$ cat upload36.cif   # mmCIF, C-alpha atoms
data_model
#
loop_
_atom_site.label_atom_id
_atom_site.label_comp_id
_atom_site.auth_asym_id
_atom_site.auth_seq_id
_atom_site.Cartn_x
_atom_site.Cartn_y
_atom_site.Cartn_z
CA MET T 1 -7.18 -75.65 -20.08
CA THR T 2 -7.36 -72.54 -22.15
CA ASP T 3 -11.16 -72.50 -22.04
CA ALA T 4 -11.05 -72.83 -18.28
CA ALA T 5 -8.62 -69.98 -18.03
CA ASN T 6 -10.80 -67.81 -20.26
CA ALA T 7 -13.85 -68.69 -18.21
CA ALA T 8 -12.01 -67.83 -15.06
CA GLY T 9 -10.89 -64.54 -16.63
CA ARG T 10 -14.47 -63.67 -17.53
CA ALA T 11 -15.78 -64.64 -14.12
CA GLY T 12 -13.27 -62.60 -12.09
CA PRO T 13 -12.91 -58.82 -12.04
CA ALA T 14 -10.22 -57.16 -14.13
CA GLU T 15 -7.08 -55.84 -12.46
CA HIS T 16 -8.18 -52.16 -12.53
CA GLU T 17 -11.60 -53.18 -11.16
CA ARG T 18 -10.05 -54.83 -8.11
CA ALA T 19 -8.50 -51.48 -7.19
CA LEU T 20 -11.94 -49.98 -6.64
CA PRO T 21 -14.28 -50.98 -3.85
CA GLY T 22 -17.24 -52.86 -5.27
CA GLY T 23 -15.49 -54.12 -8.43
CA SER T 24 -16.66 -52.68 -11.75
CA GLN T 25 -19.46 -50.78 -9.99
CA GLY T 26 -17.05 -48.61 -7.92
CA HIS T 27 -17.03 -44.82 -8.32
CA VAL T 28 -14.35 -42.25 -7.56
CA THR T 29 -15.74 -39.49 -5.37
CA PHE T 30 -14.20 -36.09 -4.60
CA GLU T 31 -15.04 -34.29 -1.40
CA GLU T 32 -15.94 -30.67 -2.14
CA GLU T 33 -13.99 -28.08 -0.22
CA ARG T 34 -16.19 -26.49 2.37
CA THR T 35 -16.52 -22.74 1.89
CA THR T 36 -16.13 -20.97 5.20
CA PRO T 37 -17.60 -17.49 5.86
CA LEU T 38 -14.08 -16.02 5.79
CA LYS T 39 -13.45 -17.68 2.42
CA ARG T 40 -16.68 -16.23 1.05
CA VAL T 41 -15.62 -12.77 2.22
CA GLN T 42 -12.25 -13.26 0.53
CA GLN T 43 -13.92 -14.27 -2.73
CA PHE T 44 -16.33 -11.32 -2.54
CA LEU T 45 -13.50 -8.84 -2.03
CA HIS T 46 -11.56 -10.40 -4.91
CA ALA T 47 -14.56 -9.93 -7.20
CA ASN T 48 -15.30 -6.42 -5.86
CA PRO T 49 -11.97 -4.62 -5.28
CA THR T 50 -13.66 -1.29 -4.49
CA ALA T 51 -15.65 -2.70 -1.56
CA ILE T 52 -12.81 -2.29 0.96
CA PRO T 53 -12.08 1.40 0.24
CA PHE T 54 -15.78 2.23 0.51
CA ILE T 55 -15.94 0.45 3.87
CA VAL T 56 -12.79 2.20 5.10
CA LEU T 57 -14.12 5.59 3.94
CA ALA T 58 -17.42 5.06 5.77
CA LEU T 59 -15.64 3.97 8.96
CA SER T 60 -13.18 6.88 8.83
CA ILE T 61 -16.00 9.41 8.35
CA ALA T 62 -17.88 7.87 11.29
CA LEU T 63 -14.72 7.91 13.42
CA PHE T 64 -13.78 11.54 12.83
CA SER T 65 -17.36 12.79 13.04
CA ALA T 66 -17.50 11.19 16.49
CA ILE T 67 -14.16 12.74 17.49
CA VAL T 68 -14.51 16.30 16.18
CA GLY T 69 -18.30 16.56 16.05
CA SER T 70 -20.24 18.75 13.63
CA ARG T 71 -17.16 20.68 12.54
CA PHE T 72 -16.23 17.77 10.29
CA PHE T 73 -19.50 18.00 8.33
CA HIS T 74 -19.42 21.78 7.95
CA PRO T 75 -19.77 22.59 4.22
CA PHE T 76 -16.58 24.67 4.28
CA ASN T 77 -14.60 21.78 5.76
CA LEU T 78 -16.01 19.27 3.29
CA SER T 79 -15.14 21.55 0.38
CA LEU T 80 -11.64 21.92 1.82
CA VAL T 81 -11.21 18.13 1.84
CA LEU T 82 -12.36 17.96 -1.77
CA GLN T 83 -9.91 20.66 -2.85
CA GLN T 84 -7.07 18.94 -1.00
CA VAL T 85 -7.64 15.61 -2.74
CA THR T 86 -8.12 17.04 -6.24
CA ILE T 87 -4.43 16.95 -7.17
CA ILE T 88 -3.91 13.58 -5.48
CA ALA T 89 -6.87 12.08 -7.35
CA ILE T 90 -5.75 13.38 -10.77
CA LEU T 91 -2.23 12.04 -10.27
CA GLY T 92 -3.79 8.87 -8.84
CA SER T 93 -5.65 8.42 -12.13
CA ALA T 94 -2.33 8.39 -13.97
CA GLN T 95 -0.80 6.11 -11.36
CA THR T 96 -3.75 3.70 -11.60
CA LEU T 97 -3.09 3.09 -15.29
CA ILE T 98 0.55 2.31 -14.59
CA ILE T 99 0.00 0.11 -11.54
CA LEU T 100 -2.62 -1.89 -13.45
CA THR T 101 0.23 -2.93 -15.77
CA ALA T 102 2.20 -4.11 -12.70
CA GLY T 103 4.43 -1.03 -12.91
CA ILE T 104 4.90 2.04 -10.75
CA ASP T 105 5.77 5.68 -11.45
CA LEU T 106 7.72 7.63 -8.86
CA SER T 107 8.01 10.62 -11.18
CA VAL T 108 4.38 11.73 -11.54
CA GLY T 109 4.78 14.61 -9.08
CA ALA T 110 7.99 15.78 -10.74
CA ILE T 111 6.32 15.70 -14.18
CA MET T 112 3.43 17.76 -12.82
CA VAL T 113 5.66 20.44 -11.29
CA LEU T 114 7.94 20.62 -14.35
CA SER T 115 4.92 21.06 -16.64
CA SER T 116 3.52 23.82 -14.41
CA VAL T 117 6.87 25.65 -14.37
CA VAL T 118 7.14 25.46 -18.17
CA MET T 119 3.60 26.80 -18.59
CA GLY T 120 4.13 29.61 -16.11
CA ARG T 121 7.58 30.81 -17.09
CA LEU T 122 6.82 30.79 -20.81
CA ALA T 123 3.51 32.64 -20.40
CA VAL T 124 4.44 35.07 -17.61
CA LEU T 125 8.17 35.71 -17.98
CA ALA T 126 8.97 34.87 -21.61
CA GLY T 127 5.91 36.53 -23.12
CA VAL T 128 4.83 33.46 -25.07
CA PRO T 129 1.11 33.54 -25.93
CA VAL T 130 -0.80 31.72 -23.20
CA PRO T 131 -2.38 29.04 -25.46
CA ILE T 132 1.04 28.14 -26.87
CA ALA T 133 2.67 28.11 -23.43
CA PHE T 134 -0.15 25.91 -22.15
CA MET T 135 0.23 23.45 -25.03
CA LEU T 136 4.00 23.32 -24.57
CA GLY T 137 3.47 22.51 -20.90
CA LEU T 138 1.19 19.63 -21.92
CA LEU T 139 3.80 18.42 -24.41
CA VAL T 140 6.40 18.38 -21.64
CA GLY T 141 4.21 15.98 -19.67
CA VAL T 142 3.64 13.81 -22.73
CA GLY T 143 7.38 13.74 -23.49
CA CYS T 144 8.27 12.77 -19.93
CA GLY T 145 5.72 9.96 -19.96
CA LEU T 146 6.93 8.77 -23.36
CA LEU T 147 10.50 8.62 -22.06
CA ASN T 148 9.40 6.51 -19.08
CA GLY T 149 7.42 4.20 -21.35
CA PHE T 150 10.28 3.77 -23.81
CA LEU T 151 12.75 2.85 -21.06
CA VAL T 152 10.31 0.38 -19.48
CA ALA T 153 8.86 -1.23 -22.62
CA LYS T 154 11.73 -1.05 -25.12
CA VAL T 155 14.87 -1.05 -23.00
CA LYS T 156 13.22 -3.50 -20.55
CA LEU T 157 14.31 -1.66 -17.40
CA PRO T 158 12.34 -2.13 -14.15
CA PRO T 159 9.68 0.59 -13.75
CA PHE T 160 10.78 1.35 -10.18
CA ILE T 161 14.38 2.03 -11.24
CA VAL T 162 13.40 3.96 -14.37
CA THR T 163 10.99 6.32 -12.64
CA LEU T 164 13.29 6.72 -9.63
CA GLY T 165 15.92 7.96 -12.05
CA THR T 166 13.60 10.19 -14.07
CA TRP T 167 12.19 11.60 -10.82
CA SER T 168 15.66 12.97 -10.09
CA ILE T 169 16.19 14.08 -13.70
CA PHE T 170 12.86 15.91 -13.99
CA GLY T 171 13.36 17.44 -10.54
CA ALA T 172 16.82 18.73 -11.51
CA LEU T 173 15.48 20.17 -14.77
CA ASN T 174 12.71 21.84 -12.83
CA LEU T 175 15.13 23.54 -10.43
CA TRP T 176 17.43 24.54 -13.31
CA TYR T 177 14.69 26.01 -15.51
CA SER T 178 12.86 27.75 -12.67
CA ALA T 179 16.06 28.98 -11.02
CA SER T 180 14.26 28.03 -7.80
CA GLN T 181 12.07 31.13 -8.18
CA THR T 182 8.36 31.40 -7.50
CA ILE T 183 6.04 33.32 -9.82
CA ARG T 184 3.60 35.14 -7.59
CA GLN T 185 -0.15 34.87 -7.82
CA GLN T 186 -0.56 38.52 -8.90
CA GLU T 187 1.90 38.09 -11.75
CA VAL T 188 0.11 35.00 -13.03
CA ALA T 189 -3.26 36.75 -12.80
CA GLU T 190 -2.02 39.73 -14.83
CA ALA T 191 -0.18 37.88 -17.60
CA ALA T 192 -1.83 34.43 -17.80
CA SER T 193 -5.10 34.27 -15.87
CA PHE T 194 -6.14 31.23 -17.92
CA LEU T 195 -3.61 29.16 -15.99
CA GLN T 196 -5.58 29.94 -12.81
CA PHE T 197 -8.90 29.01 -14.42
CA THR T 198 -9.18 25.66 -12.61
CA GLY T 199 -9.16 27.58 -9.31
CA THR T 200 -12.46 29.29 -10.17
CA ALA T 201 -14.99 28.39 -7.48
CA PHE T 202 -18.76 28.32 -7.16
CA ASN T 203 -21.07 27.59 -4.25
CA PHE T 204 -22.99 24.33 -4.08
CA LEU T 205 -25.19 23.70 -1.04
CA GLY T 206 -22.96 25.97 1.00
CA ALA T 207 -19.76 24.25 -0.10
CA ARG T 208 -17.07 25.88 -2.25
CA ILE T 209 -16.43 23.74 -5.33
CA THR T 210 -13.62 24.55 -7.75
CA LEU T 211 -13.43 23.79 -11.45
CA GLY T 212 -10.32 21.76 -10.64
CA SER T 213 -12.52 19.29 -8.77
CA ILE T 214 -14.85 19.09 -11.76
CA LEU T 215 -11.82 18.46 -13.97
CA MET T 216 -10.81 15.65 -11.62
CA LEU T 217 -14.19 13.95 -12.10
CA ILE T 218 -14.01 14.37 -15.89
CA ILE T 219 -10.58 12.71 -16.00
CA ALA T 220 -11.78 9.89 -13.74
CA ALA T 221 -14.83 9.33 -15.97
CA PHE T 222 -12.60 9.20 -19.05
CA ILE T 223 -10.24 6.67 -17.44
CA TRP T 224 -13.21 4.57 -16.27
CA TYR T 225 -14.59 4.45 -19.82
CA LEU T 226 -11.15 3.68 -21.23
CA LEU T 227 -10.58 0.77 -18.83
CA ASN T 228 -14.06 -0.72 -18.92
CA ARG T 229 -15.46 -0.04 -22.37
CA THR T 230 -12.53 -0.22 -24.79
CA ALA T 231 -10.15 -2.87 -26.13
CA PHE T 232 -7.25 -0.77 -24.84
CA GLY T 233 -8.58 -1.16 -21.30
CA ARG T 234 -8.71 -4.93 -21.69
CA HIS T 235 -5.15 -4.89 -22.99
CA VAL T 236 -4.02 -2.88 -19.94
CA HIS T 237 -5.55 -5.41 -17.55
CA ALA T 238 -4.19 -8.37 -19.51
CA THR T 239 -0.70 -6.88 -19.63
CA GLY T 240 -0.67 -6.39 -15.88
CA ASP T 241 -2.14 -9.80 -15.13
CA ASP T 242 0.25 -11.86 -17.29
CA PRO T 243 2.30 -10.15 -20.03
CA GLU T 244 3.45 -13.45 -21.57
CA ALA T 245 -0.10 -14.73 -21.88
CA ALA T 246 -1.13 -11.34 -23.28
CA LYS T 247 1.54 -11.66 -26.00
CA LEU T 248 0.29 -15.14 -26.90
CA ALA T 249 -3.21 -13.68 -27.17
CA GLY T 250 -1.96 -11.23 -29.80
CA ILE T 251 -1.76 -8.12 -27.59
CA ASN T 252 1.01 -5.65 -28.37
CA VAL T 253 2.38 -5.46 -24.82
CA THR T 254 5.21 -3.07 -25.73
CA GLY T 255 2.84 -0.65 -27.44
CA THR T 256 0.37 -0.88 -24.56
CA LEU T 257 3.04 -0.03 -21.99
CA ILE T 258 4.32 2.94 -24.00
CA ALA T 259 0.76 4.22 -24.47
CA VAL T 260 0.00 3.86 -20.75
CA TYR T 261 3.08 5.79 -19.61
CA THR T 262 2.54 8.47 -22.27
CA LEU T 263 -1.10 8.92 -21.28
CA ALA T 264 -0.05 9.07 -17.62
CA GLY T 265 2.41 11.86 -18.48
CA PHE T 266 -0.37 13.79 -20.22
CA ILE T 267 -2.62 13.44 -17.18
CA CYS T 268 0.24 14.72 -15.00
CA SER T 269 0.45 17.83 -17.18
CA ILE T 270 -3.30 18.33 -16.72
CA ALA T 271 -2.65 18.04 -12.98
CA ALA T 272 -0.13 20.87 -13.43
CA TRP T 273 -2.94 23.11 -14.65
CA ALA T 274 -5.06 22.11 -11.65
CA LEU T 275 -2.09 22.75 -9.35
CA ILE T 276 -1.66 26.32 -10.61
CA GLY T 277 -5.37 26.93 -10.06
CA ARG T 278 -5.14 25.42 -6.57
CA ILE T 279 -2.27 27.58 -5.26
CA GLY T 280 -2.59 30.52 -7.66
CA ALA T 281 1.18 30.84 -7.99
CA ILE T 282 3.82 28.75 -9.77
CA SER T 283 6.40 27.22 -7.48
CA SER T 284 9.19 24.76 -8.18
CA ILE T 285 8.83 23.25 -4.70
CA SER T 286 5.09 22.55 -4.81
CA GLY T 287 3.80 18.99 -4.79
CA ALA T 288 6.68 17.67 -2.70
CA THR T 289 4.70 14.63 -1.51
CA ALA T 290 2.62 14.15 -4.67
CA ASN T 291 4.48 11.03 -5.83
CA LEU T 292 3.84 9.04 -2.67
CA ASP T 293 0.35 10.50 -2.19
CA SER T 294 -0.73 9.23 -5.60
CA ILE T 295 0.59 5.75 -4.86
CA THR T 296 -1.13 5.83 -1.47
CA ALA T 297 -4.49 6.70 -3.03
CA VAL T 298 -4.20 3.90 -5.59
CA VAL T 299 -3.12 1.22 -3.09
CA ILE T 300 -5.69 2.19 -0.45
CA GLY T 301 -8.25 2.30 -3.27
CA GLY T 302 -7.84 -1.43 -3.85
CA THR T 303 -5.67 -1.55 -6.97
CA SER T 304 -3.21 -4.42 -6.71
CA LEU T 305 0.49 -3.52 -6.83
CA PHE T 306 0.96 -6.78 -8.77
CA GLY T 307 -1.20 -5.51 -11.63
CA GLY T 308 -4.33 -6.69 -13.41
CA ARG T 309 -6.87 -5.78 -10.71
CA GLY T 310 -8.26 -2.43 -9.61
CA SER T 311 -10.44 0.49 -10.64
CA ILE T 312 -10.40 4.25 -11.00
CA ILE T 313 -13.39 4.53 -8.66
CA GLY T 314 -11.33 2.88 -5.94
CA THR T 315 -8.57 5.43 -6.53
CA LEU T 316 -11.01 8.33 -6.06
CA VAL T 317 -12.22 6.77 -2.82
CA GLY T 318 -8.62 6.14 -1.76
CA ALA T 319 -7.79 9.82 -2.32
CA LEU T 320 -10.82 10.77 -0.23
CA ILE T 321 -9.65 8.45 2.56
CA VAL T 322 -6.26 10.17 2.59
CA GLY T 323 -7.97 13.57 2.69
CA VAL T 324 -10.42 12.54 5.41
CA PHE T 325 -7.66 11.14 7.63
CA ARG T 326 -5.44 14.19 7.29
CA ASN T 327 -8.31 16.63 7.74
CA GLY T 328 -9.86 14.71 10.64
CA LEU T 329 -6.57 14.39 12.49
CA ALA T 330 -5.86 18.09 11.93
CA LEU T 331 -9.26 19.05 13.34
CA ALA T 332 -8.61 16.76 16.30
CA GLY T 333 -5.40 18.68 16.99
CA ALA T 334 -3.01 15.88 16.01
CA ASP T 335 0.47 16.85 14.85
CA SER T 336 1.31 16.38 11.16
CA LEU T 337 3.70 13.65 12.30
CA TRP T 338 0.77 11.48 13.34
CA GLN T 339 -1.05 12.24 10.11
CA GLU T 340 1.83 10.69 8.17
CA PHE T 341 1.92 7.82 10.67
CA ALA T 342 -1.75 7.07 10.02
CA ILE T 343 -1.32 7.19 6.24
CA GLY T 344 1.70 4.87 6.44
CA LEU T 345 -0.27 2.43 8.55
CA LEU T 346 -3.12 2.50 6.02
CA ILE T 347 -0.69 1.64 3.21
CA ILE T 348 0.69 -1.38 5.06
CA VAL T 349 -2.80 -2.64 5.92
CA ALA T 350 -3.99 -2.13 2.32
CA VAL T 351 -1.06 -4.12 0.88
CA ALA T 352 -1.55 -6.89 3.46
CA ILE T 353 -5.23 -7.16 2.53
CA ASP T 354 -4.30 -7.21 -1.17
CA GLN T 355 -1.92 -10.12 -0.57
CA TRP T 356 -4.62 -12.01 1.28
CA ILE T 357 -7.20 -11.40 -1.47
CA ARG T 358 -4.76 -12.51 -4.19
CA LYS T 359 -4.66 -16.00 -2.65
CA VAL T 360 -8.08 -16.58 -4.22
CA SER T 361 -6.65 -16.38 -7.74
CA ALA T 362 -3.59 -18.40 -6.68
#

$ encode --input "upload36.cif" --output "structure tokens"
Amino acid sequence: MTDAANAAGRAGPAEHERALPGGSQGHVTFEEERTTPLKRVQQFLHANPTAIPFIVLALSIALFSAIVGSRFFHPFNLSLVLQQVTIIAILGSAQTLIILTAGIDLSVGAIMVLSSVVMGRLAVLAGVPVPIAFMLGLLVGVGCGLLNGFLVAKVKLPPFIVTLGTWSIFGALNLWYSASQTIRQQEVAEAASFLQFTGTAFNFLGARITLGSILMLIIAAFIWYLLNRTAFGRHVHATGDDPEAAKLAGINVTGTLIAVYTLAGFICSIAAWALIGRIGAISSISGATANLDSITAVVIGGTSLFGGRGSIIGTLVGALIVGVFRNGLALAGADSLWQEFAIGLLIIVAVAIDQWIRKVSA
């Protein structure tokens, strides 16, 4: 009886074999997900975050050249666009570092203006030697950035709330220290011409290029190298992508965040130098829209507001897009109201596209 049962057991398929068609010879097959053209585009844009801003820039140039004609491509107009985006791009470089860590800094414009006021009032009104006044202005930017980084990384406060608060604090200090007074261009030229150095211009193919624009490119090149060729850059991306995983990988997330905000503050103080060269004078009310403009350039440039993905090249292109739209609409006779409307629309579209692209990694 037992032998018969064993024989029957050997002759018939096992229980798990009966569950598969064809007995022991059955195979489990998985149907591969078909990749649609739209999916391939989504994957391409996820792998190349700067592709969208380049496409938008090309389309916007084509649009406004068709609307306003040859005036748009006049060397003087092109140089004007470049000068207008210089400050935005420098602040955007600082903002890129912060947004890559999944943070945001609403105080970059206030840091820039406060640093410029400190430089100017010390050098022009207080009689402090220009090199010392300049260095103290840079230290103000570094100190402001360090304060932001400490509150975000050590105290664990949300970056939006921290920088919203310091925006008001730095702005109040600026108004208090400056007494809401403007130092005129002639006064700066007489007592501290070095502060206007970034406004020095030279002709290139009929266009007027300032040293401030060259400084912008130098800063962008430095940030690009930092993010793409150093361990610190990898730590920045990892912190923004997943801070808990970054900690498990041995990355000092707290130190990285403090370093990022401090470096951003330093870049803002460099932007203060470029700002003085741009307007010639020192005003406590300059750069009123710089905070939002820097965020706009970064978001339109393809850097994700959720951190971990983006590039400094995209930020430069994003700043150019902002400049092209404002300049093109102005040449077309559009009111400044519609310029802001167009920029706001671009921000919403850029964030919507970013959300769509992020579904690839999800």

$ closest_residue --input "upload36.cif" --among "T:Gly265, T:Gly199, T:Gly314, T:Gly323" --to "Thr163 (chain T)" --atoms "all atoms listed in the file"
T:Gly265

$ resolve_selection --input "upload36.cif" --expression "the PyMOL selection byres ((chain T and resi 96) around 9)" --output "PyMOL selection string"
chain T and resi 91-95+97-101+104+264+294-295+298-299+303+310-312+315

$ write_last_selection --input "upload36.cif" --atoms "C-alpha atoms" --output "PDB file, in the coordinates of the input"
ATOM      1  CA  LEU T  91      -2.230  12.040 -10.270  1.00  0.00           C
ATOM      2  CA  GLY T  92      -3.790   8.870  -8.840  1.00  0.00           C
ATOM      3  CA  SER T  93      -5.650   8.420 -12.130  1.00  0.00           C
ATOM      4  CA  ALA T  94      -2.330   8.390 -13.970  1.00  0.00           C
ATOM      5  CA  GLN T  95      -0.800   6.110 -11.360  1.00  0.00           C
ATOM      6  CA  LEU T  97      -3.090   3.090 -15.290  1.00  0.00           C
ATOM      7  CA  ILE T  98       0.550   2.310 -14.590  1.00  0.00           C
ATOM      8  CA  ILE T  99       0.000   0.110 -11.540  1.00  0.00           C
ATOM      9  CA  LEU T 100      -2.620  -1.890 -13.450  1.00  0.00           C
ATOM     10  CA  THR T 101       0.230  -2.930 -15.770  1.00  0.00           C
ATOM     11  CA  ILE T 104       4.900   2.040 -10.750  1.00  0.00           C
ATOM     12  CA  ALA T 264      -0.050   9.070 -17.620  1.00  0.00           C
ATOM     13  CA  SER T 294      -0.730   9.230  -5.600  1.00  0.00           C
ATOM     14  CA  ILE T 295       0.590   5.750  -4.860  1.00  0.00           C
ATOM     15  CA  VAL T 298      -4.200   3.900  -5.590  1.00  0.00           C
ATOM     16  CA  VAL T 299      -3.120   1.220  -3.090  1.00  0.00           C
ATOM     17  CA  THR T 303      -5.670  -1.550  -6.970  1.00  0.00           C
ATOM     18  CA  GLY T 310      -8.260  -2.430  -9.610  1.00  0.00           C
ATOM     19  CA  SER T 311     -10.440   0.490 -10.640  1.00  0.00           C
ATOM     20  CA  ILE T 312     -10.400   4.250 -11.000  1.00  0.00           C
ATOM     21  CA  THR T 315      -8.570   5.430  -6.530  1.00  0.00           C
TER      22      THR T 315
END

$ closest_atom_pairs --input "upload36.cif" --of "region 31-135 of chain T" --to "region 166-184 of chain T" --cutoff "8 Å" --atoms "all atoms listed in the file" --output "JSON lines"
{"residue": "T:Leu106", "atom": "CA", "partner": "T:Trp167", "partner_atom": "CA", "distance": 6.3}
{"residue": "T:Ser107", "atom": "CA", "partner": "T:Trp167", "partner_atom": "CA", "distance": 4.3}
{"residue": "T:Val108", "atom": "CA", "partner": "T:Trp167", "partner_atom": "CA", "distance": 7.8}
{"residue": "T:Ala110", "atom": "CA", "partner": "T:Gly171", "partner_atom": "CA", "distance": 5.6}
{"residue": "T:Ile111", "atom": "CA", "partner": "T:Phe170", "partner_atom": "CA", "distance": 6.5}
{"residue": "T:Val113", "atom": "CA", "partner": "T:Asn174", "partner_atom": "CA", "distance": 7.4}
{"residue": "T:Leu114", "atom": "CA", "partner": "T:Asn174", "partner_atom": "CA", "distance": 5.2}
{"residue": "T:Val117", "atom": "CA", "partner": "T:Ser178", "partner_atom": "CA", "distance": 6.6}
{"residue": "T:Gly120", "atom": "CA", "partner": "T:Ile183", "partner_atom": "CA", "distance": 7.5}
{"residue": "T:Arg121", "atom": "CA", "partner": "T:Ser178", "partner_atom": "CA", "distance": 7.5}

$ residues_around --input "upload36.cif" --residues "region 57-72 of chain T" --least-positions-apart "2" --cutoff "9 Å" --atoms "only C-alpha atoms" --output "PDB file with C-alpha atoms, in the coordinates of the input"
ATOM      1  CA  ILE T  52     -12.810  -2.290   0.960  1.00  0.00           C
ATOM      2  CA  PRO T  53     -12.080   1.400   0.240  1.00  0.00           C
ATOM      3  CA  PHE T  54     -15.780   2.230   0.510  1.00  0.00           C
ATOM      4  CA  ILE T  55     -15.940   0.450   3.870  1.00  0.00           C
ATOM      5  CA  HIS T  74     -19.420  21.780   7.950  1.00  0.00           C
ATOM      6  CA  PRO T  75     -19.770  22.590   4.220  1.00  0.00           C
ATOM      7  CA  ASN T  77     -14.600  21.780   5.760  1.00  0.00           C
ATOM      8  CA  LEU T  78     -16.010  19.270   3.290  1.00  0.00           C
ATOM      9  CA  VAL T 317     -12.220   6.770  -2.820  1.00  0.00           C
ATOM     10  CA  GLY T 318      -8.620   6.140  -1.760  1.00  0.00           C
ATOM     11  CA  LEU T 320     -10.820  10.770  -0.230  1.00  0.00           C
ATOM     12  CA  ILE T 321      -9.650   8.450   2.560  1.00  0.00           C
ATOM     13  CA  VAL T 324     -10.420  12.540   5.410  1.00  0.00           C
ATOM     14  CA  PHE T 325      -7.660  11.140   7.630  1.00  0.00           C
ATOM     15  CA  ASN T 327      -8.310  16.630   7.740  1.00  0.00           C
ATOM     16  CA  GLY T 328      -9.860  14.710  10.640  1.00  0.00           C
ATOM     17  CA  LEU T 329      -6.570  14.390  12.490  1.00  0.00           C
ATOM     18  CA  LEU T 331      -9.260  19.050  13.340  1.00  0.00           C
ATOM     19  CA  ALA T 332      -8.610  16.760  16.300  1.00  0.00           C
TER      20      ALA T 332
END

$ residues_around --input "upload36.cif" --residues "region 339-349 of chain T" --least-positions-apart "2" --cutoff "8 Å" --atoms "only C-alpha atoms" --output "short mmCIF file (atom, residue, chain, number, x, y, z; two decimals) with C-alpha atoms, in the frame of the given file"
data_model
loop_
_atom_site.label_atom_id
_atom_site.label_comp_id
_atom_site.auth_asym_id
_atom_site.auth_seq_id
_atom_site.Cartn_x
_atom_site.Cartn_y
_atom_site.Cartn_z
CA THR T 296 -1.13 5.83 -1.47
CA VAL T 299 -3.12 1.22 -3.09
CA ILE T 300 -5.69 2.19 -0.45
CA VAL T 322 -6.26 10.17 2.59
CA PHE T 325 -7.66 11.14 7.63
CA ARG T 326 -5.44 14.19 7.29
CA LEU T 329 -6.57 14.39 12.49
CA ALA T 330 -5.86 18.09 11.93
CA ALA T 334 -3.01 15.88 16.01
CA ASP T 335 0.47 16.85 14.85
CA SER T 336 1.31 16.38 11.16
CA LEU T 337 3.70 13.65 12.30
CA VAL T 351 -1.06 -4.12 0.88
CA ALA T 352 -1.55 -6.89 3.46
CA ILE T 353 -5.23 -7.16 2.53
#

$ closest_residue --input "upload36.cif" --among "T:Gln186, T:Ser286, T:Ser213, T:Thr254" --to "Thr239 (chain T)" --atoms "all atoms listed in the file"
T:Thr254

$ resolve_selection --input "upload36.cif" --expression "the PyMOL selection byres ((chain T and resi 146) around 9)" --output "PyMOL selection string"
chain T and resi 141-145+147-151+258-263+265

$ resolve_selection --input "upload36.cif" --expression "the PyMOL selection byres ((chain T and resi 83) around 9)" --output "PDB file with C-alpha atoms, in the coordinates of the input"
ATOM      1  CA  LEU T  78     -16.010  19.270   3.290  1.00  0.00           C
ATOM      2  CA  SER T  79     -15.140  21.550   0.380  1.00  0.00           C
ATOM      3  CA  LEU T  80     -11.640  21.920   1.820  1.00  0.00           C
ATOM      4  CA  VAL T  81     -11.210  18.130   1.840  1.00  0.00           C
ATOM      5  CA  LEU T  82     -12.360  17.960  -1.770  1.00  0.00           C
ATOM      6  CA  GLN T  84      -7.070  18.940  -1.000  1.00  0.00           C
ATOM      7  CA  VAL T  85      -7.640  15.610  -2.740  1.00  0.00           C
ATOM      8  CA  THR T  86      -8.120  17.040  -6.240  1.00  0.00           C
ATOM      9  CA  ILE T  87      -4.430  16.950  -7.170  1.00  0.00           C
ATOM     10  CA  ARG T 208     -17.070  25.880  -2.250  1.00  0.00           C
ATOM     11  CA  ILE T 209     -16.430  23.740  -5.330  1.00  0.00           C
ATOM     12  CA  THR T 210     -13.620  24.550  -7.750  1.00  0.00           C
ATOM     13  CA  GLY T 212     -10.320  21.760 -10.640  1.00  0.00           C
ATOM     14  CA  SER T 213     -12.520  19.290  -8.770  1.00  0.00           C
ATOM     15  CA  ARG T 278      -5.140  25.420  -6.570  1.00  0.00           C
TER      16      ARG T 278
END

$ closest_residue --input "upload36.cif" --among "T:Ala191, T:Leu138, T:Thr289, T:Ala231" --to "Leu125 (chain T)" --atoms "only C-alpha atoms"
T:Ala191

$ atom_distance --input "upload36.cif" --atom1 "CA of Asp293 (chain T)" --atom2 "CA of Phe306 (chain T)"
18.5 Å

$ closest_residue --input "upload36.cif" --among "T:Ala189, T:Val152, T:Ala221, T:Leu157" --to "Val130 (chain T)" --atoms "only C-alpha atoms"
T:Ala189

$ residues_around --input "upload36.cif" --residues "Gln196 (chain T)" --least-positions-apart "6" --cutoff "8 Å" --atoms "only C-alpha atoms" --output "list in words"
Val188, Ala189, Trp273, Ala274, Ile276, Gly277, Arg278 and Gly280 of chain T
